[in-house]
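File shown: query_11.cif (mmCIF, C-alpha atoms, pLDDT in the B column; chains and numbers go by the auth columns).
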```cif
data_run
loop_
_atom_site.group_PDB
_atom_site.id
_atom_site.type_symbol
_atom_site.label_atom_id
_atom_site.label_comp_id
_atom_site.label_asym_id
_atom_site.label_seq_id
_atom_site.Cartn_x
_atom_site.Cartn_y
_atom_site.Cartn_z
_atom_site.B_iso_or_equiv
_atom_site.auth_seq_id
_atom_site.auth_asym_id
ATOM 1 C CA MET A 1 84.175 -44.722 -11.443 57.00 81 A
ATOM 2 C CA ASP A 2 86.289 -41.681 -10.725 67.00 82 A
ATOM 3 C CA MET A 3 83.833 -39.507 -12.549 65.00 83 A
ATOM 4 C CA LEU A 4 80.956 -40.937 -10.542 62.00 84 A
ATOM 5 C CA LEU A 5 82.698 -40.332 -7.245 65.00 85 A
ATOM 6 C CA MET A 6 83.603 -36.785 -8.271 66.00 86 A
ATOM 7 C CA GLY A 7 79.982 -36.066 -9.222 66.00 87 A
ATOM 8 C CA LEU A 8 78.731 -37.473 -5.944 62.00 88 A
ATOM 9 C CA CYS A 9 81.208 -35.340 -3.988 58.00 89 A
ATOM 10 C CA LEU A 10 80.178 -32.238 -5.902 62.00 90 A
ATOM 11 C CA SER A 11 76.467 -32.932 -5.245 70.00 91 A
ATOM 12 C CA VAL A 12 77.057 -33.420 -1.530 63.00 92 A
ATOM 13 C CA PHE A 13 79.166 -30.284 -1.475 61.00 93 A
ATOM 14 C CA GLY A 14 76.419 -28.353 -3.301 68.00 94 A
ATOM 15 C CA VAL A 15 73.722 -29.535 -0.899 64.00 95 A
ATOM 16 C CA VAL A 16 75.844 -28.570 2.110 62.00 96 A
ATOM 17 C CA PHE A 17 76.583 -25.163 0.574 62.00 97 A
ATOM 18 C CA VAL A 18 72.922 -24.448 -0.091 60.00 98 A
ATOM 19 C CA ALA A 19 71.986 -25.526 3.465 61.00 99 A
ATOM 20 C CA LEU A 20 74.633 -23.288 4.993 60.00 100 A
ATOM 21 C CA ALA A 21 73.554 -20.340 2.823 61.00 101 A
ATOM 22 C CA PHE A 22 69.918 -20.844 3.782 62.00 102 A
ATOM 23 C CA GLY A 23 70.807 -21.047 7.513 62.00 103 A
ATOM 24 C CA ALA A 24 72.882 -17.872 7.248 58.00 104 A
ATOM 25 C CA ALA A 25 70.083 -16.041 5.506 60.00 105 A
ATOM 26 C CA MET A 26 67.558 -17.033 8.165 57.00 106 A
ATOM 27 C CA ARG A 27 69.879 -15.950 10.991 56.00 107 A
ATOM 28 C CA SER A 28 70.552 -12.566 9.455 50.00 108 A
ATOM 29 C CA GLU A 29 66.806 -11.996 8.987 51.00 109 A
ATOM 30 C CA SER A 30 66.010 -12.697 12.645 48.00 110 A
ATOM 31 C CA TRP A 31 68.942 -10.507 13.748 49.00 111 A
ATOM 32 C CA ASN A 32 67.717 -7.676 11.570 50.00 112 A
ATOM 33 C CA SER A 33 64.241 -7.851 13.049 48.00 113 A
ATOM 34 C CA ALA A 34 65.703 -7.793 16.566 47.00 114 A
ATOM 35 C CA VAL A 35 67.740 -4.642 16.081 47.00 115 A
ATOM 36 C CA GLN A 36 65.445 -2.649 13.886 50.00 116 A
ATOM 37 C CA PRO A 37 63.069 -0.264 15.711 51.00 117 A
ATOM 38 C CA GLU A 38 59.494 -1.321 15.683 53.00 118 A
ATOM 39 C CA LEU A 39 57.506 0.251 12.920 51.00 119 A
ATOM 40 C CA PRO A 40 54.322 2.007 13.874 52.00 120 A
ATOM 41 C CA LEU A 41 51.239 -0.113 13.398 51.00 121 A
ATOM 42 C CA VAL A 42 49.240 0.734 10.386 50.00 122 A
ATOM 43 C CA LYS A 43 45.595 0.126 9.984 52.00 123 A
ATOM 44 C CA ALA A 44 44.822 -3.306 8.681 53.00 124 A
ATOM 45 C CA ALA A 45 43.975 -3.160 5.074 55.00 125 A
ATOM 46 C CA ALA A 46 40.494 -4.146 4.052 54.00 126 A
ATOM 47 C CA PRO A 47 40.280 -7.865 3.492 56.00 127 A
ATOM 48 C CA ALA A 48 41.024 -8.796 -0.021 56.00 128 A
ATOM 49 C CA ARG A 49 37.996 -9.782 -2.014 56.00 129 A
ATOM 50 C CA PHE A 50 38.032 -11.506 -5.309 52.00 130 A
ATOM 51 C CA PHE A 51 36.924 -9.245 -8.124 54.00 131 A
ATOM 52 C CA SER A 52 35.844 -6.642 -5.612 55.00 132 A
ATOM 53 C CA ASP A 53 36.994 -3.846 -7.876 57.00 133 A
ATOM 54 C CA ARG A 54 35.272 -5.248 -10.861 58.00 134 A
ATOM 55 C CA VAL A 55 31.825 -5.836 -9.344 55.00 135 A
ATOM 56 C CA ALA A 56 29.572 -2.832 -9.702 58.00 136 A
ATOM 57 C CA VAL A 57 27.533 -1.916 -6.633 54.00 137 A
ATOM 58 C CA PRO A 58 23.889 -2.752 -7.376 58.00 138 A
ATOM 59 C CA PRO A 59 21.709 0.347 -7.373 56.00 139 A
ATOM 60 C CA ALA A 60 19.153 0.672 -4.583 54.00 140 A
ATOM 61 C CA VAL A 61 15.991 -1.155 -5.518 52.00 141 A
ATOM 62 C CA THR A 62 13.242 1.415 -6.132 52.00 142 A
ATOM 63 C CA PRO A 63 9.706 0.304 -6.835 60.00 143 A
ATOM 64 C CA LEU A 64 8.451 1.247 -10.238 69.00 144 A
ATOM 65 C CA GLN A 65 6.659 4.541 -9.689 80.00 145 A
ATOM 66 C CA VAL A 66 3.138 4.682 -11.029 86.00 146 A
ATOM 67 C CA PRO A 67 1.776 8.053 -12.189 90.00 147 A
ATOM 68 C CA ILE A 68 0.223 10.016 -9.345 90.00 148 A
ATOM 69 C CA GLU A 69 -3.226 9.933 -10.978 90.00 149 A
ATOM 70 C CA VAL A 70 -3.102 6.141 -10.971 91.00 150 A
ATOM 71 C CA LEU A 71 -1.899 6.118 -7.383 91.00 151 A
ATOM 72 C CA LEU A 72 -4.764 8.410 -6.322 91.00 152 A
ATOM 73 C CA LEU A 73 -7.252 6.157 -8.094 91.00 153 A
ATOM 74 C CA GLN A 74 -5.786 3.149 -6.303 91.00 154 A
ATOM 75 C CA ILE A 75 -6.145 4.929 -2.953 92.00 155 A
ATOM 76 C CA GLU A 76 -9.738 5.873 -3.746 92.00 156 A
ATOM 77 C CA ASN A 77 -10.610 2.328 -4.785 92.00 157 A
ATOM 78 C CA HIS A 78 -8.981 1.052 -1.617 93.00 158 A
ATOM 79 C CA VAL A 79 -11.086 3.423 0.515 92.00 159 A
ATOM 80 C CA ARG A 80 -14.258 2.326 -1.278 92.00 160 A
ATOM 81 C CA MET A 81 -13.445 -1.360 -0.841 93.00 161 A
ATOM 82 C CA GLU A 82 -12.584 -0.929 2.810 93.00 162 A
ATOM 83 C CA GLN A 83 -15.751 1.068 3.361 92.00 163 A
ATOM 84 C CA ALA A 84 -17.781 -1.702 1.750 92.00 164 A
ATOM 85 C CA ALA A 85 -16.045 -4.249 3.992 93.00 165 A
ATOM 86 C CA ALA A 86 -16.798 -2.097 7.048 93.00 166 A
ATOM 87 C CA GLU A 87 -20.448 -1.741 5.967 92.00 167 A
ATOM 88 C CA SER A 88 -20.703 -5.535 5.689 92.00 168 A
ATOM 89 C CA PHE A 89 -19.289 -5.885 9.182 93.00 169 A
ATOM 90 C CA LEU A 90 -21.724 -3.313 10.592 92.00 170 A
ATOM 91 C CA ALA A 91 -24.683 -5.065 8.928 92.00 171 A
ATOM 92 C CA PHE A 92 -23.676 -8.385 10.472 91.00 172 A
ATOM 93 C CA PRO A 93 -20.863 -7.975 13.017 92.00 173 A
ATOM 94 C CA THR A 94 -18.649 -11.052 13.328 93.00 174 A
ATOM 95 C CA HIS A 95 -14.941 -11.562 14.008 92.00 175 A
ATOM 96 C CA ALA A 96 -14.556 -13.183 10.607 90.00 176 A
ATOM 97 C CA LEU A 97 -15.989 -10.189 8.742 89.00 177 A
ATOM 98 C CA LEU A 98 -13.963 -7.746 10.798 90.00 178 A
ATOM 99 C CA HIS A 99 -10.714 -9.537 9.998 87.00 179 A
ATOM 100 C CA SER A 100 -11.547 -10.616 6.476 86.00 180 A
ATOM 101 C CA LYS A 101 -8.593 -10.065 4.138 83.00 181 A
ATOM 102 C CA THR A 102 -9.016 -7.215 1.729 82.00 182 A
ATOM 103 C CA THR A 103 -8.636 -7.902 -1.966 78.00 183 A
ATOM 104 C CA SER A 104 -7.652 -4.300 -2.569 79.00 184 A
ATOM 105 C CA PRO A 105 -4.662 -4.249 -4.952 77.00 185 A
ATOM 106 C CA PHE A 106 -3.387 -1.161 -3.130 79.00 186 A
ATOM 107 C CA VAL A 107 -2.159 -3.254 -0.200 78.00 187 A
ATOM 108 C CA ASN A 108 -1.679 -6.607 -1.930 74.00 188 A
ATOM 109 C CA MET B 1 -37.816 11.866 -1.201 79.00 121 B
ATOM 110 C CA THR B 2 -37.329 10.980 2.480 85.00 122 B
ATOM 111 C CA HIS B 3 -34.274 12.515 4.060 94.00 123 B
ATOM 112 C CA GLU B 4 -32.467 10.512 6.725 95.00 124 B
ATOM 113 C CA LEU B 5 -32.496 13.567 8.986 96.00 125 B
ATOM 114 C CA LEU B 6 -36.257 13.960 8.705 96.00 126 B
ATOM 115 C CA ASN B 7 -37.268 10.339 9.293 96.00 127 B
ATOM 116 C CA GLY B 8 -40.347 9.953 11.464 96.00 128 B
ATOM 117 C CA LEU B 9 -41.535 13.534 11.044 97.00 129 B
ATOM 118 C CA SER B 10 -45.015 14.249 9.779 96.00 130 B
ATOM 119 C CA SER B 11 -45.310 15.702 6.288 95.00 131 B
ATOM 120 C CA ALA B 12 -46.282 19.043 7.844 96.00 132 B
ATOM 121 C CA GLU B 13 -43.128 19.007 10.009 96.00 133 B
ATOM 122 C CA VAL B 14 -40.978 18.040 7.011 96.00 134 B
ATOM 123 C CA GLU B 15 -42.395 21.011 5.100 95.00 135 B
ATOM 124 C CA GLN B 16 -41.741 23.344 8.027 96.00 136 B
ATOM 125 C CA VAL B 17 -38.106 22.231 8.233 96.00 137 B
ATOM 126 C CA ARG B 18 -37.598 22.432 4.484 95.00 138 B
ATOM 127 C CA LYS B 19 -38.911 25.991 4.508 95.00 139 B
ATOM 128 C CA LEU B 20 -36.147 26.957 6.920 96.00 140 B
ATOM 129 C CA GLY B 21 -33.577 26.189 4.269 97.00 141 B
ATOM 130 C CA THR B 22 -32.542 27.444 0.874 97.00 142 B
ATOM 131 C CA ARG B 23 -31.854 25.415 -2.234 97.00 143 B
ATOM 132 C CA LEU B 24 -28.318 25.558 -3.541 97.00 144 B
ATOM 133 C CA ILE B 25 -26.798 24.266 -6.762 97.00 145 B
ATOM 134 C CA VAL B 26 -23.228 23.013 -6.381 97.00 146 B
ATOM 135 C CA PRO B 27 -21.585 23.036 -9.836 97.00 147 B
ATOM 136 C CA SER B 28 -19.414 20.074 -10.764 96.00 148 B
ATOM 137 C CA GLY B 29 -15.928 20.327 -9.283 94.00 149 B
ATOM 138 C CA THR B 30 -16.767 23.099 -6.834 96.00 150 B
ATOM 139 C CA SER B 31 -16.749 22.897 -3.057 96.00 151 B
ATOM 140 C CA LEU B 32 -19.817 23.132 -0.876 97.00 152 B
ATOM 141 C CA PHE B 33 -17.549 23.711 2.128 97.00 153 B
ATOM 142 C CA ARG B 34 -13.905 23.259 2.951 97.00 154 B
ATOM 143 C CA LEU B 35 -12.056 21.817 5.901 96.00 155 B
ATOM 144 C CA GLY B 36 -11.706 24.443 8.652 96.00 156 B
ATOM 145 C CA ASP B 37 -14.469 26.711 7.333 97.00 157 B
ATOM 146 C CA PRO B 38 -16.993 28.001 9.893 97.00 158 B
ATOM 147 C CA ALA B 39 -19.946 25.587 9.909 97.00 159 B
ATOM 148 C CA ASP B 40 -23.234 27.444 10.223 96.00 160 B
ATOM 149 C CA ARG B 41 -25.410 25.334 7.904 97.00 161 B
ATOM 150 C CA LEU B 42 -26.000 21.649 7.402 96.00 162 B
ATOM 151 C CA PHE B 43 -27.089 20.249 4.050 97.00 163 B
ATOM 152 C CA LEU B 44 -29.675 17.777 2.860 97.00 164 B
ATOM 153 C CA ILE B 45 -28.719 16.320 -0.523 97.00 165 B
ATOM 154 C CA GLU B 46 -31.555 16.541 -3.023 97.00 166 B
ATOM 155 C CA ARG B 47 -29.777 15.576 -6.236 96.00 167 B
ATOM 156 C CA GLY B 48 -26.324 14.421 -7.338 96.00 168 B
ATOM 157 C CA ARG B 49 -23.504 13.230 -5.126 96.00 169 B
ATOM 158 C CA ILE B 50 -21.193 14.931 -2.671 97.00 170 B
ATOM 159 C CA ARG B 51 -17.635 13.746 -2.090 96.00 171 B
ATOM 160 C CA LEU B 52 -16.215 14.191 1.383 96.00 172 B
ATOM 161 C CA THR B 53 -12.443 14.355 1.377 96.00 173 B
ATOM 162 C CA LEU B 54 -9.485 14.934 3.669 95.00 174 B
ATOM 163 C CA PRO B 55 -6.072 16.239 2.615 94.00 175 B
ATOM 164 C CA MET B 56 -3.262 13.674 2.493 93.00 176 B
ATOM 165 C CA GLN B 57 0.395 14.101 1.557 93.00 177 B
ATOM 166 C CA VAL B 58 1.060 11.982 -1.531 92.00 178 B
ATOM 167 C CA ARG B 59 4.607 12.192 -2.927 89.00 179 B
ATOM 168 C CA GLY B 60 5.083 15.558 -1.304 90.00 180 B
ATOM 169 C CA ARG B 61 1.867 16.967 -2.693 91.00 181 B
ATOM 170 C CA GLU B 62 -1.333 17.605 -0.788 93.00 182 B
ATOM 171 C CA GLU B 63 -4.156 15.641 -2.356 93.00 183 B
ATOM 172 C CA ASP B 64 -7.823 15.438 -1.405 93.00 184 B
ATOM 173 C CA ILE B 65 -8.469 11.805 -0.568 94.00 185 B
ATOM 174 C CA LEU B 66 -11.998 10.409 -0.598 94.00 186 B
ATOM 175 C CA VAL B 67 -13.364 9.631 2.836 92.00 187 B
ATOM 176 C CA GLU B 68 -16.988 9.098 1.969 92.00 188 B
ATOM 177 C CA GLU B 69 -19.447 9.799 -0.814 94.00 189 B
ATOM 178 C CA ARG B 70 -22.986 10.866 0.057 95.00 190 B
ATOM 179 C CA SER B 71 -26.048 10.580 -2.151 96.00 191 B
ATOM 180 C CA PRO B 72 -29.607 12.043 -2.303 97.00 192 B
ATOM 181 C CA GLY B 73 -31.504 11.676 0.970 97.00 193 B
ATOM 182 C CA GLN B 74 -28.321 11.853 3.027 97.00 194 B
ATOM 183 C CA THR B 75 -26.920 14.656 5.152 96.00 195 B
ATOM 184 C CA VAL B 76 -23.584 16.448 5.107 96.00 196 B
ATOM 185 C CA GLY B 77 -22.176 19.173 7.280 95.00 197 B
ATOM 186 C CA TRP B 78 -23.483 18.185 10.713 93.00 198 B
ATOM 187 C CA SER B 79 -20.511 20.048 12.202 95.00 199 B
ATOM 188 C CA ALA B 80 -22.956 22.971 12.008 96.00 200 B
ATOM 189 C CA LEU B 81 -24.728 21.547 15.077 93.00 201 B
ATOM 190 C CA ILE B 82 -21.632 20.488 17.027 93.00 202 B
ATOM 191 C CA PRO B 83 -19.099 22.818 18.657 95.00 203 B
ATOM 192 C CA PRO B 84 -16.683 24.287 17.658 96.00 204 B
ATOM 193 C CA TYR B 85 -18.814 24.644 14.493 97.00 205 B
ATOM 194 C CA ARG B 86 -16.002 24.078 12.005 97.00 206 B
ATOM 195 C CA PHE B 87 -16.109 21.694 9.064 97.00 207 B
ATOM 196 C CA THR B 88 -13.717 18.782 9.507 95.00 208 B
ATOM 197 C CA LEU B 89 -13.900 17.616 5.873 95.00 209 B
ATOM 198 C CA THR B 90 -14.110 19.151 2.428 97.00 210 B
ATOM 199 C CA ALA B 91 -17.324 18.567 0.472 98.00 211 B
ATOM 200 C CA THR B 92 -17.304 18.741 -3.329 97.00 212 B
ATOM 201 C CA ALA B 93 -19.687 17.901 -6.140 96.00 213 B
ATOM 202 C CA PRO B 94 -17.646 15.501 -8.290 92.00 214 B
ATOM 203 C CA LEU B 95 -18.597 14.815 -11.912 87.00 215 B
ATOM 204 C CA PHE B 96 -22.062 16.333 -12.022 92.00 216 B
ATOM 205 C CA GLU B 97 -23.665 19.271 -10.276 96.00 217 B
ATOM 206 C CA ALA B 98 -25.492 18.590 -7.050 97.00 218 B
ATOM 207 C CA GLU B 99 -28.471 20.208 -5.422 97.00 219 B
ATOM 208 C CA VAL B 100 -28.798 20.595 -1.677 97.00 220 B
ATOM 209 C CA ILE B 101 -31.042 22.235 0.902 97.00 221 B
ATOM 210 C CA ALA B 102 -28.937 24.379 3.235 98.00 222 B
ATOM 211 C CA LEU B 103 -30.397 24.509 6.749 97.00 223 B
ATOM 212 C CA PRO B 104 -28.949 27.331 8.859 97.00 224 B
ATOM 213 C CA ARG B 105 -28.140 26.516 12.495 96.00 225 B
ATOM 214 C CA GLU B 106 -29.952 29.327 14.297 96.00 226 B
ATOM 215 C CA PRO B 107 -33.380 29.023 12.606 96.00 227 B
ATOM 216 C CA LEU B 108 -33.117 25.253 13.076 96.00 228 B
ATOM 217 C CA ARG B 109 -32.451 25.671 16.810 95.00 229 B
ATOM 218 C CA GLN B 110 -35.371 28.035 17.140 97.00 230 B
ATOM 219 C CA TYR B 111 -37.563 25.483 15.387 97.00 231 B
ATOM 220 C CA PHE B 112 -36.379 22.755 17.792 96.00 232 B
ATOM 221 C CA ALA B 113 -37.177 24.996 20.762 96.00 233 B
ATOM 222 C CA ALA B 114 -40.653 25.720 19.406 97.00 234 B
ATOM 223 C CA ASN B 115 -41.301 22.096 18.336 96.00 235 B
ATOM 224 C CA PRO B 116 -39.510 19.861 20.841 97.00 236 B
ATOM 225 C CA ALA B 117 -41.106 16.625 19.578 96.00 237 B
ATOM 226 C CA ALA B 118 -39.860 17.248 16.036 96.00 238 B
ATOM 227 C CA GLY B 119 -36.520 18.476 17.407 96.00 239 B
ATOM 228 C CA HIS B 120 -36.167 15.273 19.401 97.00 240 B
ATOM 229 C CA LYS B 121 -36.773 13.114 16.310 97.00 241 B
ATOM 230 C CA ILE B 122 -34.269 15.119 14.265 96.00 242 B
ATOM 231 C CA ALA B 123 -31.704 14.852 17.073 95.00 243 B
ATOM 232 C CA LEU B 124 -32.171 11.059 17.149 96.00 244 B
ATOM 233 C CA ASN B 125 -31.815 10.889 13.350 96.00 245 B
ATOM 234 C CA LEU B 126 -28.656 12.942 13.593 95.00 246 B
ATOM 235 C CA ALA B 127 -27.334 10.522 16.252 95.00 247 B
ATOM 236 C CA VAL B 128 -27.924 7.668 13.800 95.00 248 B
ATOM 237 C CA VAL B 129 -25.982 9.500 11.070 93.00 249 B
ATOM 238 C CA ILE B 130 -23.090 10.350 13.399 94.00 250 B
ATOM 239 C CA GLY B 131 -23.126 6.916 15.052 95.00 251 B
ATOM 240 C CA HIS B 132 -22.983 5.169 11.695 93.00 252 B
ATOM 241 C CA ARG B 133 -20.035 7.288 10.620 93.00 253 B
ATOM 242 C CA LEU B 134 -18.261 6.532 13.902 95.00 254 B
ATOM 243 C CA GLN B 135 -18.827 2.777 13.627 95.00 255 B
ATOM 244 C CA LEU B 136 -17.790 2.770 9.985 94.00 256 B
ATOM 245 C CA PHE B 137 -14.547 4.545 10.679 93.00 257 B
ATOM 246 C CA GLN B 138 -13.651 2.599 13.803 95.00 258 B
ATOM 247 C CA THR B 139 -14.056 -0.576 11.722 96.00 259 B
ATOM 248 C CA MET B 140 -11.918 0.816 8.917 94.00 260 B
ATOM 249 C CA TRP B 141 -9.333 2.009 11.435 95.00 261 B
ATOM 250 C CA LEU B 142 -9.135 -1.402 13.059 95.00 262 B
ATOM 251 C CA ARG B 143 -8.699 -3.148 9.716 94.00 263 B
ATOM 252 C CA GLU B 144 -5.875 -0.782 8.762 92.00 264 B
ATOM 253 C CA MET B 145 -4.236 -1.263 12.179 93.00 265 B
ATOM 254 C CA GLN B 146 -4.593 -5.031 11.820 92.00 266 B
ATOM 255 C CA ARG B 147 -2.712 -4.874 8.531 90.00 267 B
ATOM 256 C CA THR B 148 0.014 -2.704 10.075 91.00 268 B
ATOM 257 C CA VAL B 149 0.406 -5.170 12.946 92.00 269 B
ATOM 258 C CA GLU B 150 0.642 -8.081 10.501 89.00 270 B
ATOM 259 C CA VAL B 151 3.271 -6.305 8.399 88.00 271 B
ATOM 260 C CA ARG B 152 5.343 -5.339 11.459 88.00 272 B
ATOM 261 C CA SER B 153 5.220 -8.789 13.015 88.00 273 B
ATOM 262 C CA ALA B 154 5.890 -10.649 9.757 81.00 274 B
#
```

Write out the structure in this file as structure tokens.
Amino acid sequence: MDMLLMGLCLSVFGVVFVALAFGAAMRSESWNSAVQPELPLVKAAAPARFFSDRVAVPPAVTPLQVPIEVLLLQIENHVRMEQAAAESFLAFPTHALLHSKTTSPFVN
Amino acid sequence: MTHELLNGLSSAEVEQVRKLGTRLIVPSGTSLFRLGDPADRLFLIERGRIRLTLPMQVRGREEDILVEERSPGQTVGWSALIPPYRFTLTATAPLFEAEVIALPREPLRQYFAANPAAGHKIALNLAVVIGHRLQLFQTMWLREMQRTVEVRSA
């Protein structure tokens, strides 16, 4: 019974001691901030991003370049197809023929 | 062969006009005339094909891009009759040689003055050639613009 009472007293004493120490620490912190001169503001750091350093920046998407000879052929075929479409319109002018969609692969 | 420029003329008139010109052979890959050259002759195509091109910048390089291809019976080089008498396209014989009749401007004008009826018919034929080109290209222009509008408003 004596041992139990002594343990209880020690626990209560420990709790009180820890509470007092915590209160003292908090007071000293607020006092410190009151007396210390204000530090100059620094620029806010960039927001933290998960794995931002590890993710490689994707390269700019560039269309697969075809050889210039192929490109020139595509342009020429496009001109021929558009000319044929224009000839059809001139032979029989209608809104539908004028605005008919081209099947030219150059623009599709 | 009936040339589009000589439609409606009598055979005697056709012969008279043909005699004003000289036959030229255009070897494959060579130019009949180039953009900006002085235009003092127009050409009736007798044989082969003539490519009409305009320069376009493609990947930083200037390339001749096909505008139109003309075949026997058709006319090229009508800038020779229209001020400021400069060719606005380049004309080349593509894969095979071509043969043309070159009609110089001044003898042609003198013939028109001496034969107004024939001159009138040739002028009307020329209007058909020019008008067709104009209508063709305004249609092609509109179709290209239509596509640009669709892409921009998509």

Proximity of chain B to chain A: per-residue shortest pair, 10 Å limit, all atoms listed in the file, as JSON lines:
```
{"residue": "B:Val178", "atom": "CA", "partner": "A:Ile148", "partner_atom": "CA", "distance": 8.1}
{"residue": "B:Arg179", "atom": "CA", "partner": "A:Ile148", "partner_atom": "CA", "distance": 8.1}
{"residue": "B:Arg181", "atom": "CA", "partner": "A:Ile148", "partner_atom": "CA", "distance": 9.8}
{"residue": "B:Glu183", "atom": "CA", "partner": "A:Leu152", "partner_atom": "CA", "distance": 8.3}
{"residue": "B:Asp184", "atom": "CA", "partner": "A:Leu152", "partner_atom": "CA", "distance": 9.1}
{"residue": "B:Ile185", "atom": "CA", "partner": "A:Glu156", "partner_atom": "CA", "distance": 6.8}
{"residue": "B:Leu186", "atom": "CA", "partner": "A:Glu156", "partner_atom": "CA", "distance": 6.0}
{"residue": "B:Val187", "atom": "CA", "partner": "A:Val159", "partner_atom": "CA", "distance": 7.0}
{"residue": "B:Glu188", "atom": "CA", "partner": "A:Arg160", "partner_atom": "CA", "distance": 8.0}
{"residue": "B:Glu189", "atom": "CA", "partner": "A:Arg160", "partner_atom": "CA", "distance": 9.1}
{"residue": "B:His252", "atom": "CA", "partner": "A:Leu170", "partner_atom": "CA", "distance": 8.6}
{"residue": "B:Gln255", "atom": "CA", "partner": "A:Leu170", "partner_atom": "CA", "distance": 7.4}
{"residue": "B:Leu256", "atom": "CA", "partner": "A:Ala166", "partner_atom": "CA", "distance": 5.8}
{"residue": "B:Phe257", "atom": "CA", "partner": "A:Ala166", "partner_atom": "CA", "distance": 7.9}
{"residue": "B:Gln258", "atom": "CA", "partner": "A:Ala166", "partner_atom": "CA", "distance": 8.8}
{"residue": "B:Thr259", "atom": "CA", "partner": "A:Ala166", "partner_atom": "CA", "distance": 5.6}
{"residue": "B:Met260", "atom": "CA", "partner": "A:Ala166", "partner_atom": "CA", "distance": 6.0}
{"residue": "B:Trp261", "atom": "CA", "partner": "A:Ala166", "partner_atom": "CA", "distance": 9.6}
{"residue": "B:Leu262", "atom": "CA", "partner": "A:Leu178", "partner_atom": "CA", "distance": 8.3}
{"residue": "B:Arg263", "atom": "CA", "partner": "A:His179", "partner_atom": "CA", "distance": 6.7}
{"residue": "B:Glu264", "atom": "CA", "partner": "A:Glu162", "partner_atom": "CA", "distance": 9.0}
{"residue": "B:Gln266", "atom": "CA", "partner": "A:His179", "partner_atom": "CA", "distance": 7.8}
{"residue": "B:Arg267", "atom": "CA", "partner": "A:Val187", "partner_atom": "CA", "distance": 8.9}
```

| task | May I ask for the distance between CA of Asp160 in chain B and CA of Val146 in chain B, given in Å to one decimal place? | result |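 These two atoms are separated by 17.2 Å.
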
| field | Hits of the PyMOL selection byres ((chain B and resi 241) around 10) in this structure, as a PyMOL selection string | value | chain B and resi 125-129+232+236-240+242-247

| Residues selected by the PyMOL selection byres ((chain B and resi 154) around 12), written as a VMD selection string | chain B and resid 150 to 153 155 to 159 171 to 175 184 197 199 206 to 212

| said: I want to know what sits within 9 Å of Ile165 in chain B, based on only C-alpha atoms, with residues of the same chain fewer than 6 positions away left out; could you give that as a PyMOL selection string? | reply: chain B and resi 123+190-196+218-222

| note | Shortest contact to Phe186 in chain A, candidates A:Gln154, A:Ser91, A:Gln145, A:Thr174, atoms counted all atoms listed in the file, goes to A:Gln154

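When the PyMOL selection byres ((chain B and resi 223) around 9) is evaluated on the file shown here, the picked residues come out as Val137, Arg138, Lys139, Leu140, Gly141, Thr142, Asp160, Arg161, Leu162, Phe163, Leu164, Ile221, Ala222, Pro224, Arg225, Glu226, Pro227 and Leu228 of chain B.
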
How about saving the chosen residues, C-alpha atoms kept, as a PDB file, keeping the file's coordinate frame?
```pdb
ATOM      1  CA  VAL B 137     -38.106  22.231   8.233  1.00 96.00           C
ATOM      2  CA  ARG B 138     -37.598  22.432   4.484  1.00 95.00           C
ATOM      3  CA  LYS B 139     -38.911  25.991   4.508  1.00 95.00           C
ATOM      4  CA  LEU B 140     -36.147  26.957   6.920  1.00 96.00           C
ATOM      5  CA  GLY B 141     -33.577  26.189   4.269  1.00 97.00           C
ATOM      6  CA  THR B 142     -32.542  27.444   0.874  1.00 97.00           C
ATOM      7  CA  ASP B 160     -23.234  27.444  10.223  1.00 96.00           C
ATOM      8  CA  ARG B 161     -25.410  25.334   7.904  1.00 97.00           C
ATOM      9  CA  LEU B 162     -26.000  21.649   7.402  1.00 96.00           C
ATOM     10  CA  PHE B 163     -27.089  20.249   4.050  1.00 97.00           C
ATOM     11  CA  LEU B 164     -29.675  17.777   2.860  1.00 97.00           C
ATOM     12  CA  ILE B 221     -31.042  22.235   0.902  1.00 97.00           C
ATOM     13  CA  ALA B 222     -28.937  24.379   3.235  1.00 98.00           C
ATOM     14  CA  PRO B 224     -28.949  27.331   8.859  1.00 97.00           C
ATOM     15  CA  ARG B 225     -28.140  26.516  12.495  1.00 96.00           C
ATOM     16  CA  GLU B 226     -29.952  29.327  14.297  1.00 96.00           C
ATOM     17  CA  PRO B 227     -33.380  29.023  12.606  1.00 96.00           C
ATOM     18  CA  LEU B 228     -33.117  25.253  13.076  1.00 96.00           C
TER      19      LEU B 228
END
```

| query | At what distance in Å, to one decimal, does CA of Trp198 in chain B lie from CA of Gln230 in chain B? | reply |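 Interatomic distance here is 16.7 Å.
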
| query | Do you have the CA of Ile250 in chain B-CA of Val269 in chain B distance handy? | reply | 28.2 Å
